[in-house]
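This is model.txt (compact mmCIF, C-alpha atoms).
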# COMPACT_ATOMS: atom_id res chain seq x y z
CA MET L 1 24.31 -13.94 4.70
CA LYS L 2 25.00 -15.24 1.20
CA TYR L 3 22.71 -12.62 -0.39
CA LEU L 4 24.15 -9.80 1.67
CA ARG L 5 27.68 -10.73 0.58
CA ARG L 6 26.59 -10.75 -3.09
CA LEU L 7 24.86 -7.41 -2.67
CA VAL L 8 27.93 -5.84 -1.06
CA TRP L 9 30.25 -7.35 -3.70
CA TYR L 10 27.96 -6.03 -6.48
CA GLY L 11 28.02 -2.54 -4.96
CA VAL L 12 31.80 -2.55 -4.47
CA THR L 13 32.52 -3.66 -8.05
CA ARG L 14 30.19 -1.03 -9.50
CA LEU L 15 31.72 1.66 -7.27
CA LEU L 16 35.23 0.60 -8.32
CA ALA L 17 34.25 0.69 -12.01
CA ALA L 18 32.70 4.14 -11.57
CA CYS L 19 35.86 5.42 -9.81
CA LEU L 20 38.09 4.04 -12.58
CA ALA L 21 35.91 5.62 -15.28
CA LEU L 22 35.92 8.96 -13.44
CA GLY L 23 39.70 8.77 -13.01
CA LEU L 24 40.20 8.12 -16.72
CA ILE L 25 37.93 11.03 -17.62
CA ILE L 26 39.79 13.41 -15.29
CA MET L 27 43.17 12.25 -16.59
CA SER L 28 42.17 12.61 -20.26
CA VAL L 29 40.76 16.10 -19.67
CA SER L 30 43.96 17.13 -17.89
CA LEU L 31 46.11 15.65 -20.67
CA ALA L 32 44.07 17.47 -23.34
CA MET L 33 44.25 20.72 -21.37
CA ASN L 34 48.05 20.52 -21.02
CA ALA L 35 48.46 19.63 -24.71
CA SER L 36 46.30 22.53 -25.85
CA ASN L 37 48.09 24.98 -23.53
CA VAL L 38 51.47 23.84 -24.84
CA TYR L 39 50.29 24.14 -28.46
CA ILE L 40 49.02 27.69 -27.89
CA ILE L 41 52.29 28.74 -26.19
CA LEU L 42 54.33 27.26 -29.06
CA LYS L 43 52.15 28.76 -31.79
CA ASP L 44 51.93 32.25 -30.28
CA GLY L 45 55.54 32.29 -29.07
CA LEU L 46 57.05 31.28 -32.40
CA ALA L 47 54.80 33.71 -34.28
CA ARG L 48 55.91 36.55 -31.98
CA ARG L 49 59.55 35.47 -32.53
CA CYS L 50 59.01 35.81 -36.30
CA GLN L 51 57.54 39.27 -35.78
CA VAL L 52 60.58 40.33 -33.76
CA VAL L 53 63.01 39.04 -36.42
CA MET L 54 61.10 40.21 -39.50
CA GLN L 55 59.24 43.32 -38.40
CA GLY L 56 61.32 44.61 -35.50
CA VAL L 57 58.51 44.26 -32.94
CA ASP L 58 59.55 44.84 -29.31
CA GLU L 59 61.26 41.77 -27.87
CA LYS L 60 59.98 42.22 -24.29
CA GLU L 61 56.78 40.30 -24.93
CA LEU L 62 58.77 37.16 -25.78
CA SER L 63 59.47 36.61 -22.08
CA VAL L 64 55.81 35.56 -21.71
CA TYR L 65 56.51 32.55 -23.96
CA PHE L 66 60.25 31.84 -23.61
CA SER L 67 62.65 31.43 -20.70
CA GLU L 68 65.52 33.91 -20.52
CA GLY L 69 68.10 31.23 -21.35
CA CYS L 70 66.22 30.26 -24.50
CA LEU L 71 66.01 33.89 -25.62
CA ARG L 72 69.76 34.42 -25.12
CA ALA L 73 70.63 31.27 -27.10
CA ASP L 74 68.31 31.92 -30.07
CA SER L 75 70.46 32.63 -33.15
CA ALA L 76 67.66 34.30 -35.16
CA LEU L 77 66.98 36.71 -32.32
CA ASN L 78 70.70 37.40 -31.90
CA VAL L 79 70.91 38.38 -35.59
CA ALA L 80 67.92 40.71 -35.14
CA ARG L 81 69.44 42.21 -31.96
CA ALA L 82 72.68 42.92 -33.81
CA GLY L 83 70.75 44.79 -36.50
CA SER L 84 71.76 42.29 -39.18
CA SER L 85 68.35 40.88 -40.07
CA PRO L 86 67.90 41.23 -43.86
CA TYR L 87 64.16 41.45 -43.28
CA GLN L 88 64.57 44.64 -41.25
CA LEU L 89 67.52 46.09 -43.18
CA TYR L 90 66.26 45.81 -46.74
CA TYR L 91 62.52 45.08 -46.63
CA ASP L 92 59.28 46.46 -45.26
CA ILE L 93 57.51 43.32 -44.06
CA THR L 94 53.76 43.85 -43.78
CA GLY L 95 52.73 40.31 -42.84
CA PHE L 96 53.47 36.62 -43.07
CA ASP L 97 51.72 33.25 -42.94
CA HIS L 98 53.07 31.39 -39.90
CA ARG L 99 52.27 27.72 -39.33
CA VAL L 100 53.17 25.38 -36.51
CA ASN L 101 52.42 21.67 -36.71
CA LEU L 102 52.62 19.69 -33.46
CA LEU L 103 54.02 16.28 -34.40
CA LYS L 104 54.47 14.63 -31.02
CA ILE L 105 53.42 15.49 -27.48
CA TRP L 106 52.65 13.60 -24.32
CA ALA L 107 51.83 15.56 -21.18
CA TRP L 108 50.98 13.62 -18.05
CA PRO L 109 48.95 15.70 -15.60
CA TRP L 110 51.66 15.62 -12.93
CA GLU L 111 54.61 16.54 -15.17
CA THR L 112 56.28 19.94 -15.03
CA THR L 113 58.51 19.37 -18.09
CA ILE L 114 57.25 18.38 -21.53
CA ARG L 115 59.20 17.45 -24.69
CA THR L 116 57.48 17.97 -28.02
CA THR L 117 58.41 17.76 -31.67
CA ILE L 118 57.08 20.51 -33.92
CA GLU L 119 57.42 21.80 -37.47
CA GLU L 120 57.53 25.54 -38.07
CA ARG L 121 56.88 26.93 -41.55
CA VAL L 122 56.41 30.41 -42.98
CA PRO L 123 55.21 29.69 -46.53
CA ALA L 124 54.44 33.30 -47.45
CA ILE L 125 55.99 36.63 -46.47
CA ASP L 126 54.37 39.86 -47.62
CA GLY L 127 56.79 42.73 -48.10
CA ARG L 128 58.75 44.86 -50.51
CA LEU L 129 62.16 46.47 -50.77
CA ASN L 130 62.60 49.57 -48.63
CA THR L 131 64.78 52.54 -49.57
CA ALA L 132 68.03 50.89 -48.46
CA GLY L 133 67.03 47.68 -50.22
CA ARG L 134 66.47 49.50 -53.50
CA GLU L 135 69.89 51.15 -53.22
CA TRP L 136 71.71 47.89 -52.48
CA SER L 137 69.60 45.57 -54.65
CA GLN L 138 72.12 45.39 -57.50
CA ALA L 139 75.18 44.92 -55.28
CA LEU L 140 73.60 42.35 -52.94
CA GLY L 141 71.43 40.61 -55.50
CA LEU L 142 68.21 41.45 -53.67
CA THR L 143 64.89 40.84 -55.34
CA GLY L 144 61.54 42.47 -54.68
CA VAL L 145 60.49 39.37 -52.74
CA PRO L 146 61.77 38.94 -49.16
CA PRO L 147 64.03 35.92 -48.53
CA ARG L 148 62.36 32.70 -47.41
CA TRP L 149 62.16 31.91 -43.71
CA GLN L 150 64.15 28.81 -42.80
CA SER L 151 61.49 26.23 -41.98
CA GLY L 152 62.48 23.49 -39.61
CA ARG L 153 61.61 20.61 -37.35
CA TYR L 154 62.32 21.42 -33.73
CA GLU L 155 62.40 19.65 -30.42
CA ALA L 156 60.91 21.98 -27.84
CA VAL L 157 61.22 21.55 -24.09
CA LEU L 158 58.62 23.39 -22.02
CA THR L 159 58.56 23.81 -18.26
CA LEU L 160 55.80 24.83 -15.92
CA GLU L 161 56.85 28.04 -14.13
CA ASN L 162 54.44 29.75 -11.74
CA GLY L 163 51.46 27.97 -13.28
CA ARG L 164 52.41 28.90 -16.88
CA TRP L 165 54.16 26.89 -19.56
CA LYS L 166 57.32 28.46 -21.00
CA ILE L 167 59.59 27.31 -23.80
CA LYS L 168 62.85 26.43 -22.07
CA ASN L 169 64.77 25.06 -25.04
CA LEU L 170 64.22 25.03 -28.79
CA THR L 171 66.57 22.74 -30.72
CA LEU L 172 66.62 22.54 -34.51
CA ILE L 173 66.51 18.86 -35.52
CA GLU L 174 66.25 19.29 -39.25
CA THR L 175 65.81 22.09 -41.77
CA LEU L 176 62.87 21.69 -44.11
CA ASN L 177 62.67 22.67 -47.76
CA ASP L 178 59.21 23.88 -48.65
Rewrite the coordinates I just gave you, this time as structure tokens.
Amino acid sequence: MKYLRRLVWYGVTRLLAACLALGLIIMSVSLAMNASNVYIILKDGLARRCQVVMQGVDEKELSVYFSEGCLRADSALNVARAGSSPYQLYYDITGFDHRVNLLKIWAWPWETTIRTTIEERVPAIDGRLNTAGREWSQALGLTGVPPRWQSGRYEAVLTLENGRWKIKNLTLIETLND
């Protein structure tokens, strides 16, 4: 009886250790998957937002990345909607270097809301003055180089809607000087 009890105890402890190891592996894979999905949504969404503001790209595709409330509250998009974006008015923007750095994220597998801290930078914008920009360059003090994009540190809140992450809120914490 003594040997049978030891054998059963040995089997139970090994089974418990194997279950714990498997649980940790599943949880870490899920955490990594959520973090990478959130990073991709943030990177692609913010890059598309820059394209809308700078190049006048159609805004409809932003709804894949952002919630409607976030799109309505975005000041840069509101300036572009009003036709007041200096990038569209006075410059022909051909491209830009967009960078997003994920500073902090923690995404438990069972969560449907995630808070992250990110830095967005656009260190280089390729473009030149258009016809209107050349006409107004003296009066407005425009140069041949497009104005710098306001880099910043943001707190982003993402929610899981219908199996997809969407940016629900984007709050500027601090402006960054490049």
Set the distance at 7 Å and use only C-alpha atoms: which residues neighbour segment 44-57 of chain L once local chain neighbours fewer than 4 positions away are removed? I'd like the list as a compact mmCIF listing (two decimals) with C-alpha atoms, in the frame of the given file.
# COMPACT_ATOMS: atom_id res chain seq x y z
CA ILE L 40 49.02 27.69 -27.89
CA LEU L 62 58.77 37.16 -25.78
CA TYR L 65 56.51 32.55 -23.96
CA ALA L 76 67.66 34.30 -35.16
CA LEU L 77 66.98 36.71 -32.32
CA ALA L 80 67.92 40.71 -35.14
CA SER L 85 68.35 40.88 -40.07
CA TYR L 87 64.16 41.45 -43.28
CA GLN L 88 64.57 44.64 -41.25
CA ILE L 93 57.51 43.32 -44.06
CA HIS L 98 53.07 31.39 -39.90
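Using all atoms listed in the file, the contacts of Glu119 of chain L at a cut-off of 8 Å, with sequence neighbours closer than 3 positions omitted, comprise Val100, Asn101, Leu102, Leu103, Ser151, Gly152, Arg153 and Tyr154 of chain L.
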Residue nearest Pro109 of chain L - candidates L:Ala139, L:Cys19, L:Leu176, L:Ile26, atoms counted: all atoms listed in the file: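 The answer is L:Ile26, which sits nearest to Pro109 of chain L.
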Two-atom distance - atom CA of Tyr39 of chain L, atom CA of Pro86 of chain L (Å):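 That distance, rounded to one decimal, is 29.0 Å.
The shortest atom-to-atom distance to Asp126 of chain L, with all atoms listed in the file taken into account, belongs to L:Arg148 out of L:Thr113, L:Arg148, L:Met1, L:Trp9.
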Separation of atom CA of Tyr90 of chain L from atom CA of Leu129 of chain L, in Å and rounded to one decimal: 5.8 Å
Which of L:Asp97, L:Asp92, L:Asp58, L:Glu111 sits closest to Trp165 of chain L [using only C-alpha atoms]: L:Glu111
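The space separating atom CA of Lys166 of chain L from atom CA of Leu71 of chain L comes to 11.2 Å.
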Put the listed atoms of segment 7-16 of chain L in a box along x, y and z with 5 Å added on every side and give me the centre and edge lengths in Å to one decimal, as JSON.
{"center_x": 30.0, "center_y": -2.9, "center_z": -5.3, "size_x": 20.4, "size_y": 19.1, "size_z": 18.4}
Best match for closeness to Arg72 of chain L among L:Leu170, L:Gly163, L:Thr175, L:Met27, counting all atoms listed in the file: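 The answer is L:Leu170, which sits nearest to Arg72 of chain L.
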Residue nearest Trp136 of chain L among L:Leu89, L:Arg5, L:Ile25, L:Lys43 (counting all atoms listed in the file): L:Leu89
Could you give me, as a short mmCIF file (atom, residue, chain, number, x, y, z; two decimals) with C-alpha atoms, keeping the file's coordinate frame, the residues within 10 Å of Trp106 of chain L, counting only C-alpha atoms and dropping anything in the same chain fewer than 2 positions from it?
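Written file, out_13.cif:
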data_model
loop_
_atom_site.label_atom_id
_atom_site.label_comp_id
_atom_site.auth_asym_id
_atom_site.auth_seq_id
_atom_site.Cartn_x
_atom_site.Cartn_y
_atom_site.Cartn_z
CA LEU L 31 46.11 15.65 -20.67
CA ALA L 32 44.07 17.47 -23.34
CA ASN L 34 48.05 20.52 -21.02
CA ALA L 35 48.46 19.63 -24.71
CA LYS L 104 54.47 14.63 -31.02
CA TRP L 108 50.98 13.62 -18.05
CA PRO L 109 48.95 15.70 -15.60
CA GLU L 111 54.61 16.54 -15.17
CA ILE L 114 57.25 18.38 -21.53
CA ARG L 115 59.20 17.45 -24.69
CA THR L 116 57.48 17.97 -28.02
#
Nearest candidate to Leu160 of chain L (options L:Ile41, L:Ile125, L:Ala82, L:Leu20; using all atoms listed in the file):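 Looking only at the distances to Leu160 of chain L, the closest residue turns out to be L:Ile41.
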